[in-house]
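J.: Shown below is the structure under consideration.
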Amino acid sequence: MRELVRTNDAVLVSAVGALLDGANIHHLVLDSNMSIMDGSLGVLPRRILVHEDDNLAARRLLTDAGLAHELRDDD
């Protein structure tokens with residue numbers, strides 16, 4: 001799995017998830033339940049991960065959608 005986006009912006013998490021779903025790119029959103037730990041303040045970032053095989057397609061999709069600035073470095 002490769003980390004695609006890390007953010008505490010719930011709207012961005014939802015938008016990225018919708019884009020990936022629309023392109024049939026399976027993904028995981030990790031740490032979404034951490035709001036219990038941070039008191040629902042949204043200070044702990046959520047991470048969106050995709051399978052290694054889908055990494056390039058997912059990055060291209062988000063770049064085309066104008067979200068390249070949200071992508072994590074691809075080590």
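Residues in the structure tokens are numbered from 1 in each chain, the chains being A, B, ... in the order shown, and ligands are numbered from 1 in the order shown.
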Write out as a count of residues only all residues of chain A that backbone DSSP assigns to helix (DSSP H, G or I).
T.: 34
J.: Please report, as a PyMOL selection string, each residue of chain A to which DSSP assigns strand (DSSP E) when run on this structure's backbone.
T.: chain A and resi 2-7+27-30+46-50
J.: I'd like the contact shell of region 4-11 of chain A - 7 Å cut-off, only C-alpha atoms, skipping same-chain residues fewer than 5 positions apart - returned as a list in words.
T.: Gly42, Val43, Leu44, Pro45, Arg46, Arg47, Ile48, Leu49, Val50, Glu70, Leu71 and Arg72 of chain A
J.: Give me, please, the distance in Å between CA of Leu19 (chain A) and CA of Ala58 (chain A), quoted to one decimal.
T.: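 Pair CA of Leu19 (chain A) / CA of Ala58 (chain A) returns 8.9 Å.
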J.: Give me the residues within 12 Å of Ala65 (chain A) as a PDB file with all heavy atoms, in the first residue's frame, counting only C-alpha atoms and dropping any in the same chain fewer than 2 places off.
T.:
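Output (out-v7.pdb):
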ATOM      1  N   LEU A  12     -11.852  17.085   1.926  1.00  0.00           N
ATOM      2  CA  LEU A  12     -10.854  16.585   0.971  1.00  0.00           C
ATOM      3  C   LEU A  12     -10.827  15.061   0.979  1.00  0.00           C
ATOM      4  O   LEU A  12     -10.767  14.438  -0.083  1.00  0.00           O
ATOM      5  CB  LEU A  12      -9.476  17.154   1.293  1.00  0.00           C
ATOM      6  CG  LEU A  12      -8.344  16.685   0.390  1.00  0.00           C
ATOM      7  CD1 LEU A  12      -8.585  17.077  -1.066  1.00  0.00           C
ATOM      8  CD2 LEU A  12      -7.015  17.235   0.884  1.00  0.00           C
ATOM      9  N   ALA A  15     -13.784  13.962  -1.002  1.00  0.00           N
ATOM     10  CA  ALA A  15     -13.629  14.234  -2.435  1.00  0.00           C
ATOM     11  C   ALA A  15     -12.651  13.262  -3.085  1.00  0.00           C
ATOM     12  O   ALA A  15     -12.920  12.730  -4.172  1.00  0.00           O
ATOM     13  CB  ALA A  15     -13.158  15.673  -2.647  1.00  0.00           C
ATOM     14  N   VAL A  16     -11.521  13.018  -2.431  1.00  0.00           N
ATOM     15  CA  VAL A  16     -10.542  12.080  -2.976  1.00  0.00           C
ATOM     16  C   VAL A  16     -11.144  10.682  -3.038  1.00  0.00           C
ATOM     17  O   VAL A  16     -10.987   9.968  -4.033  1.00  0.00           O
ATOM     18  CB  VAL A  16      -9.240  12.096  -2.152  1.00  0.00           C
ATOM     19  CG1 VAL A  16      -8.308  10.953  -2.544  1.00  0.00           C
ATOM     20  CG2 VAL A  16      -8.528  13.437  -2.310  1.00  0.00           C
ATOM     21  N   ALA A  18     -14.274   9.907  -3.403  1.00  0.00           N
ATOM     22  CA  ALA A  18     -15.245   9.873  -4.499  1.00  0.00           C
ATOM     23  C   ALA A  18     -14.549   9.763  -5.855  1.00  0.00           C
ATOM     24  O   ALA A  18     -14.990   9.014  -6.728  1.00  0.00           O
ATOM     25  CB  ALA A  18     -16.129  11.110  -4.458  1.00  0.00           C
ATOM     26  N   LEU A  19     -13.454  10.495  -6.029  1.00  0.00           N
ATOM     27  CA  LEU A  19     -12.701  10.401  -7.284  1.00  0.00           C
ATOM     28  C   LEU A  19     -12.149   8.991  -7.491  1.00  0.00           C
ATOM     29  O   LEU A  19     -12.249   8.431  -8.586  1.00  0.00           O
ATOM     30  CB  LEU A  19     -11.541  11.409  -7.294  1.00  0.00           C
ATOM     31  CG  LEU A  19     -11.913  12.862  -7.498  1.00  0.00           C
ATOM     32  CD1 LEU A  19     -10.722  13.755  -7.187  1.00  0.00           C
ATOM     33  CD2 LEU A  19     -12.397  13.086  -8.923  1.00  0.00           C
ATOM     34  N   LEU A  20     -11.576   8.439  -6.442  1.00  0.00           N
ATOM     35  CA  LEU A  20     -11.007   7.089  -6.544  1.00  0.00           C
ATOM     36  C   LEU A  20     -12.097   6.049  -6.790  1.00  0.00           C
ATOM     37  O   LEU A  20     -11.919   5.143  -7.606  1.00  0.00           O
ATOM     38  CB  LEU A  20     -10.199   6.755  -5.287  1.00  0.00           C
ATOM     39  CG  LEU A  20      -8.944   7.600  -5.072  1.00  0.00           C
ATOM     40  CD1 LEU A  20      -8.347   7.333  -3.691  1.00  0.00           C
ATOM     41  CD2 LEU A  20      -7.912   7.342  -6.162  1.00  0.00           C
ATOM     42  N   ALA A  58      -3.788   6.557  -9.614  1.00  0.00           N
ATOM     43  CA  ALA A  58      -4.421   7.409  -8.607  1.00  0.00           C
ATOM     44  C   ALA A  58      -3.772   8.784  -8.577  1.00  0.00           C
ATOM     45  O   ALA A  58      -4.458   9.809  -8.491  1.00  0.00           O
ATOM     46  CB  ALA A  58      -4.331   6.741  -7.235  1.00  0.00           C
ATOM     47  N   ARG A  59      -2.450   8.837  -8.683  1.00  0.00           N
ATOM     48  CA  ARG A  59      -1.742  10.118  -8.701  1.00  0.00           C
ATOM     49  C   ARG A  59      -2.117  10.938  -9.938  1.00  0.00           C
ATOM     50  O   ARG A  59      -2.324  12.148  -9.854  1.00  0.00           O
ATOM     51  CB  ARG A  59      -0.232   9.898  -8.643  1.00  0.00           C
ATOM     52  CG  ARG A  59       0.229   9.416  -7.304  1.00  0.00           C
ATOM     53  CD  ARG A  59       1.734   9.150  -7.252  1.00  0.00           C
ATOM     54  NE  ARG A  59       2.087   9.005  -5.867  1.00  0.00           N
ATOM     55  CZ  ARG A  59       2.272  10.014  -5.024  1.00  0.00           C
ATOM     56  NH1 ARG A  59       2.178  11.240  -5.449  1.00  0.00           N
ATOM     57  NH2 ARG A  59       2.568   9.803  -3.766  1.00  0.00           N
ATOM     58  N   ARG A  60      -2.222  10.277 -11.055  1.00  0.00           N
ATOM     59  CA  ARG A  60      -2.610  10.952 -12.290  1.00  0.00           C
ATOM     60  C   ARG A  60      -4.032  11.509 -12.169  1.00  0.00           C
ATOM     61  O   ARG A  60      -4.313  12.637 -12.573  1.00  0.00           O
ATOM     62  CB  ARG A  60      -2.505   9.990 -13.470  1.00  0.00           C
ATOM     63  CG  ARG A  60      -2.654  10.650 -14.825  1.00  0.00           C
ATOM     64  CD  ARG A  60      -2.404   9.691 -15.982  1.00  0.00           C
ATOM     65  NE  ARG A  60      -1.185   8.919 -15.823  1.00  0.00           N
ATOM     66  CZ  ARG A  60      -1.135   7.586 -15.666  1.00  0.00           C
ATOM     67  NH1 ARG A  60      -2.238   6.872 -15.675  1.00  0.00           N
ATOM     68  NH2 ARG A  60       0.018   6.965 -15.526  1.00  0.00           N
ATOM     69  N   LEU A  61      -4.918  10.712 -11.598  1.00  0.00           N
ATOM     70  CA  LEU A  61      -6.307  11.124 -11.407  1.00  0.00           C
ATOM     71  C   LEU A  61      -6.392  12.375 -10.538  1.00  0.00           C
ATOM     72  O   LEU A  61      -7.089  13.337 -10.891  1.00  0.00           O
ATOM     73  CB  LEU A  61      -7.101   9.977 -10.765  1.00  0.00           C
ATOM     74  CG  LEU A  61      -8.553  10.264 -10.417  1.00  0.00           C
ATOM     75  CD1 LEU A  61      -9.388  10.432 -11.678  1.00  0.00           C
ATOM     76  CD2 LEU A  61      -9.106   9.153  -9.542  1.00  0.00           C
ATOM     77  N   LEU A  62      -5.690  12.386  -9.421  1.00  0.00           N
ATOM     78  CA  LEU A  62      -5.744  13.536  -8.532  1.00  0.00           C
ATOM     79  C   LEU A  62      -5.051  14.749  -9.137  1.00  0.00           C
ATOM     80  O   LEU A  62      -5.494  15.884  -8.943  1.00  0.00           O
ATOM     81  CB  LEU A  62      -5.133  13.195  -7.171  1.00  0.00           C
ATOM     82  CG  LEU A  62      -5.913  12.153  -6.358  1.00  0.00           C
ATOM     83  CD1 LEU A  62      -5.292  11.990  -4.979  1.00  0.00           C
ATOM     84  CD2 LEU A  62      -7.366  12.511  -6.240  1.00  0.00           C
ATOM     85  N   THR A  63      -3.997  14.526  -9.890  1.00  0.00           N
ATOM     86  CA  THR A  63      -3.326  15.625 -10.583  1.00  0.00           C
ATOM     87  C   THR A  63      -4.264  16.250 -11.604  1.00  0.00           C
ATOM     88  O   THR A  63      -4.393  17.478 -11.679  1.00  0.00           O
ATOM     89  CB  THR A  63      -2.030  15.134 -11.253  1.00  0.00           C
ATOM     90  OG1 THR A  63      -1.145  14.649 -10.230  1.00  0.00           O
ATOM     91  CG2 THR A  63      -1.349  16.242 -12.023  1.00  0.00           C
ATOM     92  N   LEU A  67      -5.570  18.419  -7.751  1.00  0.00           N
ATOM     93  CA  LEU A  67      -5.208  18.152  -6.356  1.00  0.00           C
ATOM     94  C   LEU A  67      -3.768  17.677  -6.192  1.00  0.00           C
ATOM     95  O   LEU A  67      -3.427  17.078  -5.170  1.00  0.00           O
ATOM     96  CB  LEU A  67      -6.167  17.110  -5.767  1.00  0.00           C
ATOM     97  CG  LEU A  67      -7.631  17.540  -5.689  1.00  0.00           C
ATOM     98  CD1 LEU A  67      -8.518  16.377  -5.273  1.00  0.00           C
ATOM     99  CD2 LEU A  67      -7.794  18.719  -4.735  1.00  0.00           C
ATOM    100  N   ALA A  68      -2.926  17.977  -7.161  1.00  0.00           N
ATOM    101  CA  ALA A  68      -1.528  17.524  -7.097  1.00  0.00           C
ATOM    102  C   ALA A  68      -0.827  18.038  -5.849  1.00  0.00           C
ATOM    103  O   ALA A  68       0.031  17.350  -5.290  1.00  0.00           O
ATOM    104  CB  ALA A  68      -0.782  17.959  -8.351  1.00  0.00           C
ATOM    105  N   HIS A  69      -1.201  19.221  -5.402  1.00  0.00           N
ATOM    106  CA  HIS A  69      -0.556  19.799  -4.221  1.00  0.00           C
ATOM    107  C   HIS A  69      -0.880  19.040  -2.935  1.00  0.00           C
ATOM    108  O   HIS A  69      -0.206  19.212  -1.925  1.00  0.00           O
ATOM    109  CB  HIS A  69      -0.951  21.279  -4.071  1.00  0.00           C
ATOM    110  CG  HIS A  69      -2.416  21.474  -3.869  1.00  0.00           C
ATOM    111  ND1 HIS A  69      -3.322  21.403  -4.903  1.00  0.00           N
ATOM    112  CD2 HIS A  69      -3.137  21.730  -2.754  1.00  0.00           C
ATOM    113  CE1 HIS A  69      -4.543  21.610  -4.430  1.00  0.00           C
ATOM    114  NE2 HIS A  69      -4.452  21.812  -3.131  1.00  0.00           N
ATOM    115  N   GLU A  70      -1.887  18.184  -2.969  1.00  0.00           N
ATOM    116  CA  GLU A  70      -2.261  17.390  -1.795  1.00  0.00           C
ATOM    117  C   GLU A  70      -1.551  16.041  -1.738  1.00  0.00           C
ATOM    118  O   GLU A  70      -1.583  15.365  -0.709  1.00  0.00           O
ATOM    119  CB  GLU A  70      -3.781  17.152  -1.786  1.00  0.00           C
ATOM    120  CG  GLU A  70      -4.610  18.403  -1.698  1.00  0.00           C
ATOM    121  CD  GLU A  70      -4.502  19.121  -0.357  1.00  0.00           C
ATOM    122  OE1 GLU A  70      -3.976  18.528   0.611  1.00  0.00           O
ATOM    123  OE2 GLU A  70      -4.956  20.265  -0.284  1.00  0.00           O
ATOM    124  N   LEU A  71      -0.904  15.639  -2.825  1.00  0.00           N
ATOM    125  CA  LEU A  71      -0.263  14.329  -2.888  1.00  0.00           C
ATOM    126  C   LEU A  71       0.971  14.284  -2.001  1.00  0.00           C
ATOM    127  O   LEU A  71       1.754  15.235  -1.940  1.00  0.00           O
ATOM    128  CB  LEU A  71       0.146  14.002  -4.330  1.00  0.00           C
ATOM    129  CG  LEU A  71      -1.006  13.748  -5.297  1.00  0.00           C
ATOM    130  CD1 LEU A  71      -0.485  13.674  -6.717  1.00  0.00           C
ATOM    131  CD2 LEU A  71      -1.737  12.478  -4.917  1.00  0.00           C
TER     132      LEU A  71
END
